[in-house]
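Text of structure-v1.cif, listed as mmCIF, C-alpha atoms and all ligand atoms:
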data_data
loop_
_atom_site.label_atom_id
_atom_site.label_comp_id
_atom_site.auth_asym_id
_atom_site.auth_seq_id
_atom_site.Cartn_x
_atom_site.Cartn_y
_atom_site.Cartn_z
CA MET E 10 -29.14 -4.29 44.85
CA GLY E 11 -27.60 -1.14 46.33
CA PHE E 12 -24.32 0.33 45.17
CA ARG E 13 -21.34 -1.22 46.98
CA LEU E 14 -17.95 0.42 47.27
CA CYS E 15 -15.34 -2.25 48.05
CA PHE E 16 -11.60 -1.79 48.46
CA PRO E 17 -8.75 -2.83 50.78
CA LYS E 18 -8.78 -1.78 54.43
CA ILE E 19 -5.41 -0.08 54.04
CA ASN E 20 -3.72 1.25 50.90
CA ILE E 21 -0.10 2.36 51.15
CA SER E 22 1.40 4.28 48.23
CA GLY E 23 4.43 6.42 47.39
CA ALA E 24 8.09 5.88 46.55
CA GLY E 25 9.78 3.72 49.21
CA CYS E 26 6.56 2.73 51.04
CA LEU E 27 7.38 -1.00 50.76
CA ALA E 28 9.55 -0.57 53.87
CA GLU E 29 6.36 -0.12 55.93
CA VAL E 30 5.13 -3.69 55.33
CA PRO E 31 7.10 -5.65 58.01
CA ALA E 32 5.78 -3.50 60.87
CA GLU E 33 2.19 -4.13 59.69
CA LEU E 34 2.76 -7.88 60.09
CA VAL E 35 4.60 -7.59 63.42
CA LYS E 36 1.85 -5.55 65.04
CA ARG E 37 -0.68 -8.24 64.12
CA GLY E 38 1.46 -11.00 65.67
CA LEU E 39 2.18 -12.62 62.30
CA LYS E 40 5.49 -14.48 61.94
CA ARG E 41 5.76 -16.59 58.78
CA PRO E 42 4.63 -14.87 55.58
CA LEU E 43 4.44 -16.85 52.36
CA ILE E 44 5.75 -14.63 49.55
CA VAL E 45 3.93 -15.60 46.34
CA THR E 46 5.84 -14.33 43.32
CA ASP E 47 7.53 -15.40 40.08
CA ALA E 48 11.08 -16.38 39.17
CA VAL E 49 11.53 -13.35 36.86
CA LEU E 50 10.95 -10.90 39.72
CA VAL E 51 13.26 -12.89 42.02
CA LYS E 52 15.99 -12.86 39.34
CA ALA E 53 15.51 -9.12 38.73
CA GLY E 54 16.27 -8.53 42.43
CA VAL E 55 12.79 -7.12 43.16
CA VAL E 56 12.03 -9.56 46.01
CA ALA E 57 15.39 -9.60 47.85
CA PRO E 58 15.00 -6.21 49.62
CA LEU E 59 11.58 -7.27 50.92
CA ILE E 60 12.98 -10.56 52.27
CA ALA E 61 15.81 -8.65 53.99
CA ASP E 62 13.35 -6.15 55.55
CA LEU E 63 11.13 -8.98 56.80
CA GLN E 64 14.09 -10.84 58.33
CA MET E 65 15.31 -7.63 59.99
CA ALA E 66 11.92 -7.49 61.72
CA ASP E 67 12.41 -11.09 63.00
CA LEU E 68 9.91 -12.51 60.53
CA ALA E 69 10.61 -15.82 58.76
CA PRO E 70 9.42 -15.52 55.13
CA VAL E 71 8.97 -18.56 52.90
CA VAL E 72 9.25 -17.87 49.14
CA PHE E 73 7.10 -19.52 46.47
CA ASP E 74 8.34 -18.25 43.08
CA GLY E 75 6.51 -20.70 40.84
CA VAL E 76 3.83 -18.34 39.50
CA ILE E 77 3.56 -18.17 35.70
CA PRO E 78 1.62 -15.68 33.54
CA ASN E 79 -2.03 -16.77 33.37
CA PRO E 80 -1.64 -18.90 36.54
CA THR E 81 -3.31 -22.31 36.50
CA VAL E 82 -5.06 -24.52 39.06
CA ALA E 83 -1.78 -26.51 39.33
CA VAL E 84 0.13 -23.32 40.21
CA VAL E 85 -2.43 -22.52 42.92
CA ASP E 86 -2.12 -26.06 44.34
CA ALA E 87 1.69 -25.75 44.46
CA ALA E 88 1.51 -22.34 46.14
CA TYR E 89 -0.97 -23.60 48.74
CA ALA E 90 1.29 -26.64 49.42
CA ALA E 91 4.14 -24.18 50.11
CA PHE E 92 1.86 -22.26 52.52
CA LYS E 93 0.89 -25.46 54.39
CA ASN E 94 4.33 -27.09 54.40
CA GLY E 95 5.95 -23.81 55.47
CA ARG E 96 3.46 -23.47 58.36
CA CYS E 97 2.81 -19.92 57.12
CA ASP E 98 0.35 -17.58 58.84
CA CYS E 99 -0.10 -14.87 56.18
CA VAL E 100 0.36 -14.31 52.43
CA LEU E 101 2.27 -11.59 50.57
CA GLY E 102 1.53 -11.48 46.85
CA VAL E 103 4.41 -9.72 45.07
CA GLY E 104 4.05 -8.92 41.38
CA GLY E 105 1.48 -8.06 38.79
CA GLY E 106 -1.88 -9.74 38.43
CA SER E 107 -0.62 -13.32 38.21
CA PRO E 108 1.24 -13.52 41.56
CA ILE E 109 -1.40 -11.46 43.38
CA ASP E 110 -4.26 -13.56 42.00
CA THR E 111 -2.39 -16.73 43.02
CA ALA E 112 -1.90 -15.23 46.51
CA LYS E 113 -5.66 -14.57 46.67
CA ALA E 114 -6.30 -18.22 45.75
CA VAL E 115 -3.94 -19.35 48.54
CA ARG E 116 -5.92 -17.15 50.92
CA ILE E 117 -9.14 -18.90 49.83
CA LEU E 118 -7.67 -22.39 50.33
CA SER E 119 -6.21 -21.43 53.74
CA ALA E 120 -9.77 -21.36 55.16
CA ASN E 121 -12.01 -23.09 52.61
CA ALA E 122 -11.83 -26.69 51.30
CA GLY E 123 -10.35 -27.18 47.81
CA PRO E 124 -10.22 -27.52 44.89
CA ILE E 125 -10.01 -23.87 43.87
CA THR E 126 -12.42 -24.56 40.96
CA LEU E 127 -15.27 -24.63 43.54
CA TYR E 128 -15.01 -20.85 43.86
CA ASN E 129 -15.39 -19.88 40.20
CA GLY E 130 -18.05 -17.17 39.90
CA ILE E 131 -19.50 -14.50 42.14
CA GLY E 132 -19.72 -14.66 45.95
CA LYS E 133 -18.76 -18.28 46.62
CA VAL E 134 -15.91 -17.77 49.11
CA GLY E 135 -17.42 -18.44 52.55
CA LYS E 136 -14.50 -17.60 54.83
CA GLU E 137 -11.98 -14.79 54.51
CA GLY E 138 -8.78 -16.79 55.13
CA ALA E 139 -5.19 -15.78 55.90
CA PHE E 140 -4.12 -12.11 56.20
CA LEU E 141 -3.19 -10.91 52.72
CA VAL E 142 -0.86 -8.12 51.62
CA ALA E 143 -0.73 -7.38 47.88
CA ILE E 144 2.47 -5.67 46.77
CA ASN E 145 1.99 -4.41 43.23
CA THR E 146 4.84 -4.26 40.72
CA THR E 147 2.89 -3.22 37.59
CA ALA E 148 0.47 -0.47 36.65
CA GLY E 149 -1.53 -2.55 36.09
CA THR E 150 -4.13 -5.09 36.65
CA ALA E 151 -5.17 -3.47 39.96
CA ALA E 152 -5.20 -6.97 41.42
CA GLU E 153 -3.96 -5.37 44.66
CA VAL E 154 -7.27 -3.48 44.98
CA THR E 155 -9.92 -5.84 43.68
CA SER E 156 -12.16 -8.70 44.73
CA ASN E 157 -11.24 -10.66 41.57
CA ALA E 158 -8.83 -13.53 40.97
CA VAL E 159 -8.43 -14.95 37.48
CA ILE E 160 -7.13 -18.53 37.41
CA THR E 161 -6.89 -20.69 34.28
CA ASP E 162 -8.68 -24.03 34.50
CA THR E 163 -6.55 -25.89 31.95
CA ALA E 164 -8.75 -29.02 32.09
CA ASN E 165 -11.67 -27.01 30.66
CA ALA E 166 -9.57 -24.41 28.73
CA VAL E 167 -11.30 -21.55 30.50
CA LYS E 168 -10.29 -18.62 32.68
CA MET E 169 -12.15 -18.82 35.96
CA VAL E 170 -13.06 -15.44 37.39
CA ILE E 171 -13.42 -15.70 41.17
CA ILE E 172 -15.22 -12.59 42.46
CA ASP E 173 -15.76 -12.17 46.21
CA ALA E 174 -15.18 -9.34 48.69
CA ASN E 175 -13.54 -11.94 50.96
CA ILE E 176 -10.47 -11.99 48.71
CA ILE E 177 -9.82 -8.24 48.69
CA PRO E 178 -6.32 -7.82 50.20
CA ASP E 179 -6.15 -6.48 53.75
CA ILE E 180 -3.33 -4.16 52.69
CA SER E 181 -2.42 -3.04 49.17
CA VAL E 182 0.97 -1.51 48.43
CA ASN E 183 1.79 0.67 45.40
CA ASP E 184 5.46 1.64 45.55
CA PRO E 185 6.57 3.07 42.16
CA LYS E 186 10.15 2.08 42.95
CA MET E 187 8.96 -1.54 42.57
CA MET E 188 7.88 -0.74 39.00
CA VAL E 189 10.98 0.82 37.42
CA SER E 190 12.42 -2.49 36.18
CA VAL E 191 9.25 -3.54 34.34
CA PRO E 192 10.14 -3.98 30.63
CA LYS E 193 8.60 -1.77 27.90
CA GLY E 194 6.21 -4.40 26.49
CA THR E 195 4.78 -5.23 29.92
CA THR E 196 4.49 -1.53 30.84
CA ALA E 197 2.50 -0.93 27.65
CA ALA E 198 0.26 -3.98 28.05
CA THR E 199 -0.50 -3.45 31.74
CA GLY E 200 -1.06 0.27 31.17
CA MET E 201 -3.60 -0.50 28.44
CA ASP E 202 -5.24 -2.99 30.84
CA ALA E 203 -5.62 -0.14 33.35
CA LEU E 204 -7.10 2.10 30.63
CA THR E 205 -9.55 -0.70 29.77
CA HIS E 206 -10.60 -0.92 33.44
CA ALA E 207 -11.31 2.80 33.52
CA VAL E 208 -13.21 2.89 30.21
CA GLU E 209 -15.26 -0.24 30.93
CA ALA E 210 -16.10 1.01 34.46
CA TYR E 211 -17.16 4.42 33.10
CA VAL E 212 -19.60 2.97 30.53
CA SER E 213 -20.66 -0.01 32.69
CA VAL E 214 -24.28 -0.55 33.69
CA GLY E 215 -22.94 -0.54 37.27
CA ALA E 216 -21.36 2.94 36.99
CA HIS E 217 -21.98 5.33 39.90
CA PRO E 218 -21.04 9.03 40.28
CA LEU E 219 -18.30 8.04 42.70
CA THR E 220 -16.70 5.53 40.31
CA ASP E 221 -17.18 7.94 37.38
CA HIS E 222 -14.84 10.49 39.00
CA ALA E 223 -12.16 7.86 39.56
CA ALA E 224 -12.55 6.38 36.08
CA LEU E 225 -12.31 9.69 34.19
CA GLU E 226 -9.32 10.81 36.24
CA ALA E 227 -7.64 7.46 35.58
CA ILE E 228 -8.21 7.86 31.82
CA ARG E 229 -6.71 11.38 31.95
CA ILE E 230 -3.61 10.22 33.87
CA ILE E 231 -3.01 7.08 31.80
CA ALA E 232 -3.33 8.93 28.47
CA GLN E 233 -0.81 11.50 29.67
CA TYR E 234 1.76 9.31 31.40
CA LEU E 235 1.65 5.84 29.79
CA PRO E 236 3.71 6.90 26.72
CA ARG E 237 6.30 8.45 29.08
CA ALA E 238 6.51 5.32 31.27
CA VAL E 239 6.92 3.16 28.15
CA ALA E 240 9.59 5.47 26.66
CA ASN E 241 11.65 5.58 29.87
CA GLY E 242 10.91 3.07 32.61
CA HIS E 243 13.11 4.99 35.06
CA ASP E 244 10.94 8.13 34.78
CA LEU E 245 9.78 7.98 38.41
CA VAL E 246 7.18 10.76 37.92
CA ALA E 247 5.54 8.77 35.10
CA ARG E 248 5.74 5.55 37.14
CA GLU E 249 4.19 7.26 40.18
CA GLN E 250 1.38 8.75 38.09
CA MET E 251 0.70 5.39 36.41
CA ALA E 252 0.67 3.66 39.82
CA TYR E 253 -1.99 6.16 40.95
CA GLY E 254 -3.94 5.97 37.68
CA GLU E 255 -4.15 2.18 37.68
CA PHE E 256 -5.07 2.21 41.38
CA ILE E 257 -8.06 4.53 40.93
CA ALA E 258 -9.08 2.64 37.77
CA GLY E 259 -9.10 -0.44 40.04
CA LEU E 260 -11.26 1.32 42.63
CA ALA E 261 -13.69 2.26 39.85
CA PHE E 262 -14.08 -1.13 38.23
CA ASN E 263 -14.09 -3.10 41.47
CA SER E 264 -17.40 -1.45 42.30
CA ALA E 265 -18.78 -0.50 38.84
CA GLY E 266 -17.84 -3.74 37.06
CA LEU E 267 -16.24 -4.29 33.65
CA GLY E 268 -17.69 -5.29 30.29
CA LEU E 269 -17.37 -7.17 27.05
CA VAL E 270 -13.70 -6.24 26.46
CA HIS E 271 -12.60 -8.26 29.48
CA ALA E 272 -15.16 -11.01 28.84
CA MET E 273 -13.82 -11.46 25.28
CA ALA E 274 -10.13 -10.93 26.18
CA HIS E 275 -10.16 -13.78 28.72
CA GLN E 276 -10.80 -16.37 25.98
CA PRO E 277 -7.76 -16.01 23.66
CA GLY E 278 -5.81 -15.26 26.86
CA ALA E 279 -6.69 -18.68 28.30
CA VAL E 280 -6.40 -20.80 25.17
CA LYS E 281 -3.33 -19.19 23.59
CA ASP E 282 -1.67 -18.08 26.86
CA LEU E 283 -1.51 -14.44 25.72
CA PRO E 284 -0.86 -11.40 27.97
CA HIS E 285 -4.10 -10.06 29.47
CA GLY E 286 -3.26 -6.42 28.76
CA VAL E 287 -2.48 -7.08 25.09
CA CYS E 288 -5.78 -8.95 24.58
CA ASN E 289 -7.67 -6.05 26.18
CA ALA E 290 -5.80 -3.41 24.20
CA ILE E 291 -6.61 -5.14 20.88
CA LEU E 292 -10.30 -5.48 21.76
CA LEU E 293 -10.82 -2.09 23.46
CA PRO E 294 -11.37 0.12 20.36
CA VAL E 295 -13.31 -2.64 18.57
CA VAL E 296 -15.76 -3.32 21.42
CA GLU E 297 -16.13 0.36 22.36
CA ALA E 298 -16.97 1.24 18.75
CA PHE E 299 -19.81 -1.31 19.16
CA ASN E 300 -20.86 0.22 22.51
CA ARG E 301 -20.44 3.86 21.41
CA PRO E 302 -23.94 4.52 19.95
CA HIS E 303 -25.46 3.43 23.29
CA ALA E 304 -23.34 5.80 25.43
CA VAL E 305 -22.56 8.78 23.16
CA LYS E 306 -22.32 11.37 25.95
CA ARG E 307 -20.08 9.15 28.02
CA PHE E 308 -17.71 8.52 25.12
CA ALA E 309 -17.59 12.30 24.49
CA ARG E 310 -16.39 12.74 28.12
CA ILE E 311 -13.85 9.95 27.55
CA ALA E 312 -12.52 11.86 24.53
CA GLU E 313 -11.93 14.94 26.72
CA ALA E 314 -10.16 12.84 29.36
CA LEU E 315 -7.96 11.30 26.66
CA GLY E 316 -6.82 14.81 25.75
CA VAL E 317 -8.82 15.23 22.53
CA GLU E 318 -9.63 18.89 21.71
CA THR E 319 -13.44 18.68 21.85
CA ALA E 320 -14.43 22.39 22.00
CA ASN E 321 -15.59 22.41 18.37
CA LEU E 322 -17.08 18.92 18.33
CA ASN E 323 -20.61 17.84 19.19
CA ASP E 324 -21.04 14.76 21.41
CA GLU E 325 -21.50 12.46 18.42
CA GLN E 326 -18.24 13.64 16.82
CA ALA E 327 -16.37 13.59 20.14
CA SER E 328 -17.55 10.04 20.86
CA HIS E 329 -16.04 8.88 17.55
CA ALA E 330 -12.85 10.76 18.42
CA ALA E 331 -12.61 8.82 21.70
CA ILE E 332 -12.43 5.51 19.83
CA GLU E 333 -9.74 6.93 17.51
CA ALA E 334 -7.73 8.28 20.45
CA ILE E 335 -7.78 4.86 22.14
CA ARG E 336 -6.56 3.28 18.90
CA ASP E 337 -3.81 5.91 18.53
CA LEU E 338 -2.58 5.40 22.12
CA SER E 339 -2.45 1.65 21.58
CA ILE E 340 -0.32 2.10 18.42
CA LYS E 341 1.92 4.68 20.16
CA VAL E 342 2.85 2.22 22.94
CA GLY E 343 3.48 -0.65 20.50
CA ILE E 344 0.49 -2.95 21.00
CA PRO E 345 0.06 -5.54 18.17
CA LYS E 346 -2.69 -4.61 15.68
CA GLY E 347 -4.70 -7.82 15.96
CA PHE E 348 -4.92 -11.38 17.24
CA ALA E 349 -3.68 -12.91 13.96
CA GLU E 350 -0.18 -11.61 14.81
CA LEU E 351 -0.38 -13.56 18.06
CA GLY E 352 -1.20 -16.96 16.57
CA VAL E 353 -5.01 -16.86 16.87
CA THR E 354 -6.79 -18.23 13.78
CA GLU E 355 -10.33 -17.69 12.48
CA ALA E 356 -11.03 -21.34 13.36
CA ASP E 357 -10.42 -20.56 17.06
CA LEU E 358 -13.09 -17.86 17.26
CA ALA E 359 -16.31 -19.93 17.35
CA ASP E 360 -15.15 -21.65 20.53
CA PHE E 361 -14.45 -18.31 22.24
CA VAL E 362 -17.97 -16.93 21.70
CA PRO E 363 -20.06 -18.95 24.23
CA LYS E 364 -17.30 -18.66 26.84
CA ALA E 365 -17.17 -14.87 26.43
CA LEU E 366 -20.96 -14.63 26.79
CA LYS E 367 -20.78 -16.68 30.02
CA ASP E 368 -17.86 -14.70 31.48
CA PRO E 369 -18.97 -12.76 34.60
CA CYS E 370 -17.51 -9.52 33.17
CA ALA E 371 -19.97 -9.53 30.23
CA GLY E 372 -22.86 -8.43 32.46
CA GLY E 373 -21.38 -4.95 32.96
CA ASN E 374 -21.42 -4.08 29.25
CA PRO E 375 -23.68 -1.08 28.43
CA ILE E 376 -25.63 -3.20 25.96
CA PRO E 377 -26.01 -6.97 25.90
CA ALA E 378 -24.25 -8.62 22.96
CA THR E 379 -25.53 -11.62 20.98
CA ALA E 380 -23.37 -14.53 19.85
CA ASP E 381 -23.35 -13.03 16.33
CA ASP E 382 -22.17 -9.67 17.70
CA VAL E 383 -19.35 -11.30 19.66
CA LEU E 384 -18.18 -13.38 16.69
CA ARG E 385 -18.21 -10.29 14.45
CA LEU E 386 -16.20 -8.31 17.01
CA TYR E 387 -13.61 -11.10 17.35
CA LYS E 388 -13.25 -11.09 13.55
CA GLN E 389 -12.74 -7.32 13.56
CA ALA E 390 -10.00 -7.80 16.17
CA MET E 391 -8.01 -10.24 13.99
FE FE E 401 -7.87 -6.35 33.41
#

Could I get this file's structure written as structure tokens?
Ligand SMILES: [Fe+2]
Amino acid sequence: MGFRLCFPKINISGAGCLAEVPAELVKRGLKRPLIVTDAVLVKAGVVAPLIADLQMADLAPVVFDGVIPNPTVAVVDAAYAAFKNGRCDCVLGVGGGSPIDTAKAVRILSANAGPITLYNGIGKVGKEGAFLVAINTTAGTAAEVTSNAVITDTANAVKMVIIDANIIPDISVNDPKMMVSVPKGTTAATGMDALTHAVEAYVSVGAHPLTDHAALEAIRIIAQYLPRAVANGHDLVAREQMAYGEFIAGLAFNSAGLGLVHAMAHQPGAVKDLPHGVCNAILLPVVEAFNRPHAVKRFARIAEALGVETANLNDEQASHAAIEAIRDLSIKVGIPKGFAELGVTEADLADFVPKALKDPCAGGNPIPATADDVLRLYKQAM
């Protein structure tokens, strides 16, 4: 299969760019947007200016604020009911990955018969569905850029990964002013998620010269600015850089794919309801130490991008230094050391292994892993 570059038709970025959204709806004749978001963002006052702007443009927004972290099939059903009952004609996902992924699921159900579980996997969404704007508030999952939606199927205790170009938002919005109120822990976790996207895309079997440029630049930016954004959330330069870094990491992985870090992170995430970015951050140095011997030159380039002084190191030494630099960054931004701190027990691990091997992200890993490998890596991440 040929290389495919997939991303939104329009990307709007820069401080204050949110104000451009109402006109984009008006010129397409849209009238009743469903805003898909969560109660925390509503309470923090993040959504109110958008509602006011939409009303000023004679639009009639309906708000669904019932999204929870790791959104479930039930959350998707409730959001789609709000879309139908509100007679909405477009969807605005406002938030991090959870609200935007829920908005993508509403888009699917607006044109394709439910339940949403029918669309788990790659390329199963037949019709595009309602016009979708993804307004990002974290840096981040890159959900505003990608063809992925991750929804937890609680009945089967598994994270479904819906992957289809039909769910890429029509417009993605990255306004760093929307990100200044994100708390430290979430800034750190989502920033490490973005780093994971860039690293996994760069060493993926689907990597391409075009995605390599984006991935390495994302690694460079995230290593430089994530500690600043965590230390002071109101540092608008750091927020703007992180918004750009996570965005280009999203462009890279949406076309190059991910790997075993995401495949393994989805499992404790689903069963123990843990933050996606934290699960990735814990697994990233462990899994990349496993991958390192199979991509030594690439890990040496990652070390440079992370800011390691590599002039006096050969590729082998630099590749080891990359793993250490990832671990150091994770500690610096306050990520927990292992899953044991988060309530995962050794008894949980055996159940995670087959699910991780079946996860669609696993296929991008530079080397295939066996069940024994995956179990050993989970144990190392405890
Ligand atoms: Fe991710």

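Neighbours of ligand FE 401 (chain E) at a cut-off of 9 Å, computed so that only C-alpha atoms and all ligand atoms are counted, are the residues E:Gly106, E:Gly149, E:Thr150, E:Ala151, E:Ala152, E:Thr199, E:Met201, E:Asp202, E:Ala203, E:Leu204, E:Thr205, E:His206, E:Gly259, E:Leu267, E:His271, E:Ala274, E:His285, E:Gly286, E:Asn289.
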
Next on the checklist: Between atom CA of Ala334 of chain E and atom CA of Tyr234 of chain E, what distance in Å does the model show, to one decimal?
Outcome noted: 14.5 Å

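For the set E:Ala312, E:Val280, E:Ile117, E:Ile109, the residue with the smallest atom-to-atom gap to Leu351 of chain E is E:Val280, counting only C-alpha atoms.
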
Item to check | Given all atoms listed in the file as the counted atoms, nearest of E:Ala327, E:Leu366, E:Val49, E:Val82 to Thr163 of chain E | outcome: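 For Thr163 of chain E, the nearest of the given residues is E:Val82.
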
Residues within 9 Å of Val170 of chain E, please, as a short mmCIF file (atom, residue, chain, number, x, y, z; two decimals) with C-alpha atoms, in the coordinates of the input. Count all atoms listed in the file; anything in the same chain fewer than 3 positions from it doesn't count.
data_model
loop_
_atom_site.label_atom_id
_atom_site.label_comp_id
_atom_site.auth_asym_id
_atom_site.auth_seq_id
_atom_site.Cartn_x
_atom_site.Cartn_y
_atom_site.Cartn_z
CA TYR E 128 -15.01 -20.85 43.86
CA ASN E 129 -15.39 -19.88 40.20
CA GLY E 130 -18.05 -17.17 39.90
CA ILE E 131 -19.50 -14.50 42.14
CA ASN E 157 -11.24 -10.66 41.57
CA ALA E 158 -8.83 -13.53 40.97
CA VAL E 159 -8.43 -14.95 37.48
CA ILE E 160 -7.13 -18.53 37.41
CA THR E 161 -6.89 -20.69 34.28
CA ASP E 368 -17.86 -14.70 31.48
CA PRO E 369 -18.97 -12.76 34.60
CA CYS E 370 -17.51 -9.52 33.17
#

Checklist entry - Taking (5.0, -9.8, 38.7) in the file's coordinates as the center, which residues reach within 12 Å of it, counting all atoms listed in the file, put as JSON, numbers by chain? => result {"E": [44, 45, 46, 47, 48, 49, 50, 51, 52, 53, 54, 55, 56, 74, 75, 76, 77, 78, 79, 80, 102, 103, 104, 105, 106, 107, 108, 109, 110, 111, 112, 143, 144, 145, 146, 147, 148, 149, 150, 152, 153, 187, 188, 190, 191, 192, 195, 196, 199]}
